[in-house]
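Asks: Next comes the structure file protein09.cif, holding mmCIF, all heavy atoms.
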```cif
data_run
loop_
_atom_site.label_atom_id
_atom_site.label_comp_id
_atom_site.auth_asym_id
_atom_site.auth_seq_id
_atom_site.Cartn_x
_atom_site.Cartn_y
_atom_site.Cartn_z
N MET A 1 -1.56 -11.32 9.89
CA MET A 1 -2.01 -9.98 9.60
C MET A 1 -1.31 -8.99 10.52
O MET A 1 -1.78 -8.61 11.56
CB MET A 1 -3.52 -9.88 9.63
CG MET A 1 -4.24 -10.01 10.93
SD MET A 1 -5.99 -9.90 10.66
CE MET A 1 -6.45 -11.01 11.94
N ALA A 2 -0.15 -8.60 10.09
CA ALA A 2 0.65 -7.65 10.86
C ALA A 2 0.57 -6.28 10.21
O ALA A 2 0.74 -6.15 9.01
CB ALA A 2 2.10 -8.11 10.91
N LYS A 3 0.29 -5.30 11.01
CA LYS A 3 0.22 -3.94 10.52
C LYS A 3 1.58 -3.28 10.66
O LYS A 3 2.38 -3.65 11.49
CB LYS A 3 -0.79 -3.13 11.32
CG LYS A 3 -2.21 -3.41 10.95
CD LYS A 3 -3.09 -2.34 11.52
CE LYS A 3 -4.53 -2.57 11.19
NZ LYS A 3 -4.88 -2.26 9.84
N ARG A 4 1.80 -2.30 9.82
CA ARG A 4 2.97 -1.45 9.97
C ARG A 4 2.58 -0.05 9.53
O ARG A 4 1.46 0.16 9.06
CB ARG A 4 4.16 -1.99 9.20
CG ARG A 4 4.06 -1.92 7.70
CD ARG A 4 5.36 -2.34 7.08
NE ARG A 4 5.75 -1.36 6.09
CZ ARG A 4 6.45 -1.64 5.02
NH1 ARG A 4 6.86 -2.86 4.81
NH2 ARG A 4 6.75 -0.71 4.16
N SER A 5 3.47 0.89 9.65
CA SER A 5 3.15 2.25 9.24
C SER A 5 2.74 2.27 7.77
O SER A 5 3.32 1.54 6.95
CB SER A 5 4.37 3.14 9.44
OG SER A 5 4.70 3.23 10.79
N PRO A 6 1.77 3.08 7.41
CA PRO A 6 1.27 3.08 6.03
C PRO A 6 2.31 3.52 5.01
O PRO A 6 3.23 4.28 5.33
CB PRO A 6 0.09 4.04 6.06
CG PRO A 6 0.18 4.78 7.31
CD PRO A 6 1.05 4.03 8.24
N TRP A 7 2.14 3.04 3.77
CA TRP A 7 2.99 3.44 2.66
C TRP A 7 2.16 3.43 1.39
O TRP A 7 1.09 2.85 1.33
CB TRP A 7 4.21 2.53 2.54
CG TRP A 7 3.95 1.15 2.02
CD1 TRP A 7 4.10 0.73 0.73
CD2 TRP A 7 3.48 0.01 2.74
NE1 TRP A 7 3.77 -0.61 0.61
CE2 TRP A 7 3.39 -1.08 1.84
CE3 TRP A 7 3.14 -0.23 4.06
CZ2 TRP A 7 2.97 -2.35 2.21
CZ3 TRP A 7 2.72 -1.49 4.43
CH2 TRP A 7 2.64 -2.53 3.52
N HIS A 8 2.67 4.12 0.39
CA HIS A 8 2.00 4.17 -0.92
C HIS A 8 3.05 4.34 -2.01
O HIS A 8 4.24 4.52 -1.70
CB HIS A 8 0.96 5.30 -0.97
CG HIS A 8 1.55 6.67 -0.87
ND1 HIS A 8 1.94 7.22 0.33
CD2 HIS A 8 1.82 7.60 -1.81
CE1 HIS A 8 2.42 8.44 0.12
NE2 HIS A 8 2.36 8.69 -1.18
N SER A 9 2.61 4.29 -3.24
CA SER A 9 3.53 4.42 -4.37
C SER A 9 3.46 5.83 -4.94
O SER A 9 2.39 6.42 -5.05
CB SER A 9 3.15 3.42 -5.47
OG SER A 9 3.97 3.63 -6.61
N LYS A 10 4.62 6.36 -5.32
CA LYS A 10 4.67 7.67 -5.97
C LYS A 10 4.75 7.53 -7.49
O LYS A 10 4.82 8.53 -8.20
CB LYS A 10 5.86 8.48 -5.46
CG LYS A 10 7.21 7.90 -5.84
CD LYS A 10 8.33 8.79 -5.36
CE LYS A 10 9.68 8.21 -5.80
NZ LYS A 10 10.77 9.07 -5.39
N ALA A 11 4.72 6.31 -8.01
CA ALA A 11 4.76 6.11 -9.46
C ALA A 11 3.53 6.75 -10.09
O ALA A 11 2.41 6.59 -9.59
CB ALA A 11 4.81 4.62 -9.78
N PRO A 12 3.70 7.47 -11.18
CA PRO A 12 2.58 8.21 -11.76
C PRO A 12 1.41 7.33 -12.23
O PRO A 12 0.27 7.78 -12.22
CB PRO A 12 3.20 8.95 -12.95
CG PRO A 12 4.57 8.44 -13.11
CD PRO A 12 4.94 7.67 -11.89
N ASN A 13 1.67 6.11 -12.62
CA ASN A 13 0.59 5.25 -13.12
C ASN A 13 0.10 4.24 -12.08
O ASN A 13 -0.64 3.32 -12.41
CB ASN A 13 1.03 4.51 -14.38
CG ASN A 13 2.26 3.64 -14.14
OD1 ASN A 13 2.91 3.76 -13.11
ND2 ASN A 13 2.57 2.78 -15.08
N SER A 14 0.48 4.42 -10.82
CA SER A 14 0.06 3.48 -9.77
C SER A 14 -1.36 3.78 -9.31
O SER A 14 -1.87 4.88 -9.50
CB SER A 14 1.01 3.55 -8.58
OG SER A 14 0.89 4.82 -7.95
N ARG A 15 -1.98 2.77 -8.71
CA ARG A 15 -3.30 2.98 -8.10
C ARG A 15 -3.13 3.93 -6.92
O ARG A 15 -2.15 3.85 -6.19
CB ARG A 15 -3.89 1.65 -7.61
CG ARG A 15 -4.33 0.78 -8.74
CD ARG A 15 -5.02 -0.51 -8.33
NE ARG A 15 -5.11 -0.81 -6.94
CZ ARG A 15 -6.25 -0.90 -6.23
NH1 ARG A 15 -7.40 -0.71 -6.82
NH2 ARG A 15 -6.23 -1.21 -4.95
N LYS A 16 -4.07 4.81 -6.74
CA LYS A 16 -3.98 5.83 -5.69
C LYS A 16 -4.60 5.29 -4.40
O LYS A 16 -5.70 5.66 -4.01
CB LYS A 16 -4.66 7.13 -6.15
CG LYS A 16 -4.06 7.69 -7.42
CD LYS A 16 -2.56 7.91 -7.27
CE LYS A 16 -1.95 8.49 -8.54
NZ LYS A 16 -0.52 8.36 -8.58
N VAL A 17 -3.87 4.37 -3.76
CA VAL A 17 -4.28 3.77 -2.49
C VAL A 17 -3.05 3.67 -1.59
O VAL A 17 -1.92 3.77 -2.06
CB VAL A 17 -4.88 2.35 -2.69
CG1 VAL A 17 -6.17 2.41 -3.49
CG2 VAL A 17 -3.89 1.42 -3.35
N HIS A 18 -3.28 3.48 -0.29
CA HIS A 18 -2.16 3.23 0.61
C HIS A 18 -2.30 1.82 1.19
O HIS A 18 -3.35 1.19 1.08
CB HIS A 18 -2.07 4.29 1.72
CG HIS A 18 -3.05 4.11 2.83
ND1 HIS A 18 -4.31 4.69 2.82
CD2 HIS A 18 -2.97 3.44 4.00
CE1 HIS A 18 -4.94 4.37 3.93
NE2 HIS A 18 -4.15 3.61 4.67
N HIS A 19 -1.23 1.34 1.77
CA HIS A 19 -1.15 -0.02 2.32
C HIS A 19 -0.66 0.07 3.77
O HIS A 19 0.10 0.97 4.12
CB HIS A 19 -0.17 -0.86 1.49
CG HIS A 19 -0.43 -0.75 0.04
ND1 HIS A 19 -1.35 -1.54 -0.62
CD2 HIS A 19 0.09 0.07 -0.91
CE1 HIS A 19 -1.38 -1.20 -1.90
NE2 HIS A 19 -0.51 -0.22 -2.10
N ASP A 20 -1.07 -0.90 4.59
CA ASP A 20 -0.56 -0.96 5.97
C ASP A 20 -0.48 -2.38 6.51
O ASP A 20 -0.29 -2.59 7.69
CB ASP A 20 -1.37 -0.07 6.91
CG ASP A 20 -2.82 -0.51 7.08
OD1 ASP A 20 -3.22 -1.53 6.49
OD2 ASP A 20 -3.54 0.16 7.83
N GLU A 21 -0.63 -3.36 5.64
CA GLU A 21 -0.53 -4.76 6.03
C GLU A 21 0.73 -5.37 5.41
O GLU A 21 0.94 -5.27 4.20
CB GLU A 21 -1.76 -5.56 5.58
CG GLU A 21 -3.04 -5.15 6.26
CD GLU A 21 -3.11 -5.57 7.71
OE1 GLU A 21 -2.34 -6.45 8.13
OE2 GLU A 21 -3.95 -5.01 8.44
N THR A 22 1.54 -6.02 6.22
CA THR A 22 2.81 -6.56 5.74
C THR A 22 2.64 -7.69 4.73
O THR A 22 3.55 -7.95 3.95
CB THR A 22 3.67 -7.08 6.91
OG1 THR A 22 2.93 -8.07 7.62
CG2 THR A 22 4.06 -5.96 7.84
N THR A 23 1.48 -8.34 4.70
CA THR A 23 1.26 -9.43 3.77
C THR A 23 0.50 -9.00 2.51
O THR A 23 0.11 -9.86 1.71
CB THR A 23 0.51 -10.60 4.44
OG1 THR A 23 -0.74 -10.11 4.94
CG2 THR A 23 1.33 -11.20 5.57
N CYS A 24 0.31 -7.73 2.30
CA CYS A 24 -0.38 -7.23 1.11
C CYS A 24 0.54 -7.37 -0.10
O CYS A 24 1.58 -6.71 -0.18
CB CYS A 24 -0.79 -5.78 1.28
SG CYS A 24 -1.58 -5.09 -0.19
N THR A 25 0.17 -8.22 -1.04
CA THR A 25 1.03 -8.45 -2.21
C THR A 25 1.13 -7.20 -3.09
O THR A 25 2.19 -6.91 -3.63
CB THR A 25 0.52 -9.64 -3.05
OG1 THR A 25 -0.86 -9.44 -3.35
CG2 THR A 25 0.69 -10.93 -2.29
N GLU A 26 0.05 -6.47 -3.23
CA GLU A 26 0.10 -5.24 -4.04
C GLU A 26 1.07 -4.24 -3.42
O GLU A 26 1.92 -3.67 -4.11
CB GLU A 26 -1.29 -4.62 -4.15
CG GLU A 26 -1.30 -3.35 -4.98
CD GLU A 26 -2.67 -2.70 -5.07
OE1 GLU A 26 -3.68 -3.35 -4.75
OE2 GLU A 26 -2.71 -1.53 -5.49
N GLY A 27 0.96 -4.05 -2.12
CA GLY A 27 1.86 -3.11 -1.44
C GLY A 27 3.30 -3.57 -1.44
O GLY A 27 4.22 -2.76 -1.58
N ASN A 28 3.52 -4.87 -1.32
CA ASN A 28 4.88 -5.40 -1.31
C ASN A 28 5.51 -5.40 -2.69
O ASN A 28 6.74 -5.54 -2.80
CB ASN A 28 4.90 -6.80 -0.72
CG ASN A 28 4.63 -6.79 0.77
OD1 ASN A 28 4.90 -5.80 1.44
ND2 ASN A 28 4.08 -7.86 1.29
N ASN A 29 4.72 -5.26 -3.74
CA ASN A 29 5.26 -5.23 -5.10
C ASN A 29 5.72 -3.84 -5.53
O ASN A 29 6.23 -3.67 -6.63
CB ASN A 29 4.23 -5.76 -6.10
CG ASN A 29 4.12 -7.26 -6.04
OD1 ASN A 29 5.05 -7.94 -5.64
ND2 ASN A 29 2.98 -7.78 -6.44
N ILE A 30 5.53 -2.84 -4.69
CA ILE A 30 5.99 -1.49 -5.02
C ILE A 30 7.51 -1.47 -4.95
O ILE A 30 8.10 -1.86 -3.94
CB ILE A 30 5.39 -0.44 -4.06
CG1 ILE A 30 3.87 -0.44 -4.14
CG2 ILE A 30 5.95 0.94 -4.35
CD1 ILE A 30 3.19 0.42 -3.08
N GLU A 31 8.15 -1.00 -6.01
CA GLU A 31 9.60 -0.91 -6.03
C GLU A 31 10.07 0.06 -4.94
O GLU A 31 9.42 1.05 -4.67
CB GLU A 31 10.09 -0.40 -7.40
CG GLU A 31 9.74 -1.29 -8.55
CD GLU A 31 8.37 -0.99 -9.15
OE1 GLU A 31 7.64 -0.12 -8.63
OE2 GLU A 31 8.02 -1.67 -10.13
N SER A 32 11.21 -0.23 -4.35
CA SER A 32 11.71 0.57 -3.22
C SER A 32 11.86 2.05 -3.60
O SER A 32 11.60 2.93 -2.77
CB SER A 32 13.02 0.01 -2.69
OG SER A 32 14.01 0.02 -3.71
N TYR A 33 12.25 2.33 -4.83
CA TYR A 33 12.44 3.73 -5.23
C TYR A 33 11.11 4.46 -5.45
O TYR A 33 11.09 5.68 -5.56
CB TYR A 33 13.32 3.83 -6.49
CG TYR A 33 12.86 3.01 -7.66
CD1 TYR A 33 11.92 3.49 -8.56
CD2 TYR A 33 13.38 1.74 -7.86
CE1 TYR A 33 11.50 2.73 -9.63
CE2 TYR A 33 12.97 0.97 -8.94
CZ TYR A 33 12.03 1.47 -9.82
OH TYR A 33 11.62 0.72 -10.89
N ASN A 34 10.00 3.75 -5.50
CA ASN A 34 8.67 4.35 -5.62
C ASN A 34 7.90 4.33 -4.30
O ASN A 34 6.82 4.90 -4.22
CB ASN A 34 7.83 3.65 -6.69
CG ASN A 34 8.21 4.08 -8.08
OD1 ASN A 34 8.56 5.23 -8.31
ND2 ASN A 34 8.17 3.15 -9.02
N LYS A 35 8.42 3.66 -3.28
CA LYS A 35 7.71 3.51 -2.01
C LYS A 35 7.90 4.76 -1.14
O LYS A 35 9.02 5.22 -0.95
CB LYS A 35 8.24 2.29 -1.27
CG LYS A 35 7.35 1.81 -0.16
CD LYS A 35 7.87 0.54 0.47
CE LYS A 35 7.62 -0.64 -0.42
NZ LYS A 35 7.91 -1.91 0.23
N VAL A 36 6.77 5.29 -0.65
CA VAL A 36 6.77 6.51 0.16
C VAL A 36 6.00 6.22 1.45
O VAL A 36 4.95 5.59 1.42
CB VAL A 36 6.09 7.67 -0.60
CG1 VAL A 36 6.08 8.93 0.23
CG2 VAL A 36 6.75 7.91 -1.93
N SER A 37 6.53 6.69 2.58
CA SER A 37 5.83 6.53 3.86
C SER A 37 4.59 7.42 3.90
O SER A 37 4.57 8.50 3.31
CB SER A 37 6.75 6.92 5.01
OG SER A 37 7.82 6.03 5.10
N GLY A 38 3.57 6.94 4.61
CA GLY A 38 2.35 7.71 4.79
C GLY A 38 1.23 7.27 3.87
O GLY A 38 1.42 6.43 3.00
N THR A 39 0.06 7.85 4.10
CA THR A 39 -1.12 7.48 3.31
C THR A 39 -1.21 8.25 2.01
O THR A 39 -1.92 7.83 1.10
CB THR A 39 -2.41 7.73 4.10
OG1 THR A 39 -2.56 9.14 4.30
CG2 THR A 39 -2.42 6.99 5.43
N GLY A 40 -0.55 9.38 1.92
CA GLY A 40 -0.66 10.22 0.72
C GLY A 40 -2.05 10.80 0.55
O GLY A 40 -2.38 11.34 -0.50
N GLY A 41 -2.89 10.66 1.58
CA GLY A 41 -4.27 11.12 1.48
C GLY A 41 -5.16 10.15 0.72
O GLY A 41 -6.30 10.47 0.39
N TYR A 42 -4.63 8.96 0.42
CA TYR A 42 -5.36 7.96 -0.35
C TYR A 42 -6.08 6.98 0.58
O TYR A 42 -5.64 6.74 1.70
CB TYR A 42 -4.41 7.16 -1.24
CG TYR A 42 -3.60 8.00 -2.19
CD1 TYR A 42 -2.25 7.80 -2.32
CD2 TYR A 42 -4.19 9.00 -2.96
CE1 TYR A 42 -1.48 8.56 -3.19
CE2 TYR A 42 -3.44 9.76 -3.84
CZ TYR A 42 -2.09 9.54 -3.95
OH TYR A 42 -1.35 10.29 -4.81
N PRO A 43 -7.16 6.35 0.10
CA PRO A 43 -7.85 5.32 0.89
C PRO A 43 -7.01 4.05 0.99
O PRO A 43 -6.09 3.83 0.18
CB PRO A 43 -9.13 5.06 0.10
CG PRO A 43 -8.79 5.43 -1.31
CD PRO A 43 -7.79 6.55 -1.21
N LYS A 44 -7.32 3.22 1.96
CA LYS A 44 -6.63 1.93 2.12
C LYS A 44 -7.00 1.00 0.97
O LYS A 44 -8.15 0.97 0.53
CB LYS A 44 -7.03 1.30 3.45
CG LYS A 44 -6.25 0.03 3.77
CD LYS A 44 -6.77 -0.69 4.99
CE LYS A 44 -6.41 0.02 6.26
NZ LYS A 44 -6.64 -0.83 7.44
N CYS A 45 -6.03 0.23 0.51
CA CYS A 45 -6.30 -0.68 -0.61
C CYS A 45 -7.26 -1.80 -0.16
O CYS A 45 -7.33 -2.14 1.02
CB CYS A 45 -5.00 -1.25 -1.18
SG CYS A 45 -4.41 -2.79 -0.48
N ASP A 46 -7.99 -2.34 -1.13
CA ASP A 46 -8.98 -3.38 -0.84
C ASP A 46 -8.34 -4.62 -0.23
O ASP A 46 -8.92 -5.25 0.67
CB ASP A 46 -9.74 -3.77 -2.10
CG ASP A 46 -10.64 -2.65 -2.61
OD1 ASP A 46 -11.04 -1.79 -1.80
OD2 ASP A 46 -10.93 -2.64 -3.82
N HIS A 47 -7.15 -4.99 -0.70
CA HIS A 47 -6.48 -6.18 -0.18
C HIS A 47 -6.14 -5.98 1.30
O HIS A 47 -6.36 -6.87 2.13
CB HIS A 47 -5.24 -6.49 -1.01
CG HIS A 47 -4.65 -7.82 -0.73
ND1 HIS A 47 -3.37 -8.15 -1.07
CD2 HIS A 47 -5.14 -8.94 -0.13
CE1 HIS A 47 -3.10 -9.38 -0.69
NE2 HIS A 47 -4.18 -9.88 -0.12
N CYS A 48 -5.60 -4.82 1.67
CA CYS A 48 -5.30 -4.53 3.08
C CYS A 48 -6.57 -4.57 3.93
O CYS A 48 -6.56 -5.06 5.05
CB CYS A 48 -4.62 -3.17 3.23
SG CYS A 48 -2.90 -3.11 2.70
N ARG A 49 -7.67 -4.06 3.39
CA ARG A 49 -8.95 -4.09 4.13
C ARG A 49 -9.39 -5.54 4.41
O ARG A 49 -9.83 -5.85 5.51
CB ARG A 49 -10.05 -3.40 3.33
CG ARG A 49 -9.96 -1.92 3.30
CD ARG A 49 -11.14 -1.38 2.48
NE ARG A 49 -10.87 -0.07 2.00
CZ ARG A 49 -11.28 1.05 2.61
NH1 ARG A 49 -11.96 0.97 3.72
NH2 ARG A 49 -10.99 2.21 2.10
N ARG A 50 -9.27 -6.40 3.40
CA ARG A 50 -9.67 -7.80 3.59
C ARG A 50 -8.77 -8.48 4.60
O ARG A 50 -9.24 -9.27 5.42
CB ARG A 50 -9.63 -8.55 2.25
CG ARG A 50 -10.78 -8.24 1.34
CD ARG A 50 -10.87 -9.19 0.17
NE ARG A 50 -9.71 -9.15 -0.70
CZ ARG A 50 -9.54 -8.30 -1.71
NH1 ARG A 50 -10.45 -7.40 -1.97
NH2 ARG A 50 -8.46 -8.36 -2.45
N ILE A 51 -7.48 -8.21 4.57
CA ILE A 51 -6.55 -8.82 5.50
C ILE A 51 -6.88 -8.41 6.93
O ILE A 51 -6.89 -9.24 7.84
CB ILE A 51 -5.09 -8.44 5.17
CG1 ILE A 51 -4.67 -9.05 3.83
CG2 ILE A 51 -4.15 -8.90 6.27
CD1 ILE A 51 -3.37 -8.50 3.29
N SER A 52 -7.16 -7.12 7.14
CA SER A 52 -7.40 -6.62 8.49
C SER A 52 -8.77 -6.99 9.01
O SER A 52 -9.04 -6.86 10.20
CB SER A 52 -7.18 -5.11 8.56
OG SER A 52 -8.10 -4.42 7.75
N GLY A 53 -9.65 -7.45 8.09
CA GLY A 53 -10.96 -7.95 8.50
C GLY A 53 -11.86 -6.89 8.93
O GLY A 53 -12.71 -6.80 9.64
#
```
Could I get this file's structure written as structure tokens?

Replies:
Amino acid sequence: MAKRSPWHSKAPNSRKVHHDETTCTEGNNIESYNKVSGTGGYPKCDHCRRISG
């Protein structure tokens, strides 16, 4: 469970959440051209929350 700076997707149909865990599969599946640094004002994704405990 390694944290890194938060990121989120700018894709119009993406879930409006941010990620900060390197092992989050949802966050890692964001295409590089849609990946944006920061939280975007969105809540942390449920998968990242479970990872961080």

Asks: Select, from A:Ser37, A:Ile51, A:Pro6, A:Asp46, the residue with the minimum atom-to-atom distance to His19 in chain A, counting all heavy atoms.

Replies: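 Of all the options, A:Pro6 lies closest to His19 in chain A.
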
Asks: Translate the PyMOL selection byres (((chain A and resi 32 and name CA) around 12) and name CA), as applied to the file shown, into an explicit residue set as a PyMOL selection string.

Replies: chain A and resi 7-11+27-31+33-37

Asks: Which distance in Å separates NE of Arg15 in chain A and CA of Arg49 in chain A, to one decimal?

Replies: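 Separation of NE of Arg15 in chain A and CA of Arg49 in chain A: 12.2 Å.
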
Asks: Between CA of Glu21 in chain A and CA of Lys3 in chain A, what distance in Å does the model show, to one decimal?

Replies: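 That distance, rounded to one decimal, is 4.6 Å.
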
Asks: Could you check how far CA of Cys45 in chain A sits from CA of Val17 in chain A, in Å to one decimal?

Replies: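 We find that CA of Cys45 in chain A and CA of Val17 in chain A lie 5.2 Å from each other.
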
Asks: From the options A:Gly38, A:Ser52, A:Ala2, A:Pro43, which residue's atoms come nearest to Lys16 in chain A, counting only C-alpha atoms?

Replies: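 Comparing A:Gly38, A:Ser52, A:Ala2, A:Pro43 against Lys16 in chain A, the winner is A:Pro43.
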
Asks: Per DSSP on the backbone, filter range 2-47 of chain A down to the residues in alpha helix (DSSP H) and report them as a ChimeraX atom specification.

Replies: /A:25-28,46-47

Asks: Can you tell me, as a list of chain:residue names, which residues in range 3-48 of chain A count as strand (DSSP E or B) by DSSP?

Replies: A:Lys3, A:Arg4, A:Ser5, A:Pro6, A:Trp7, A:His8, A:Ser9, A:His18, A:His19, A:Asp20, A:Glu21, A:Lys35, A:Val36, A:Ser37, A:Lys44
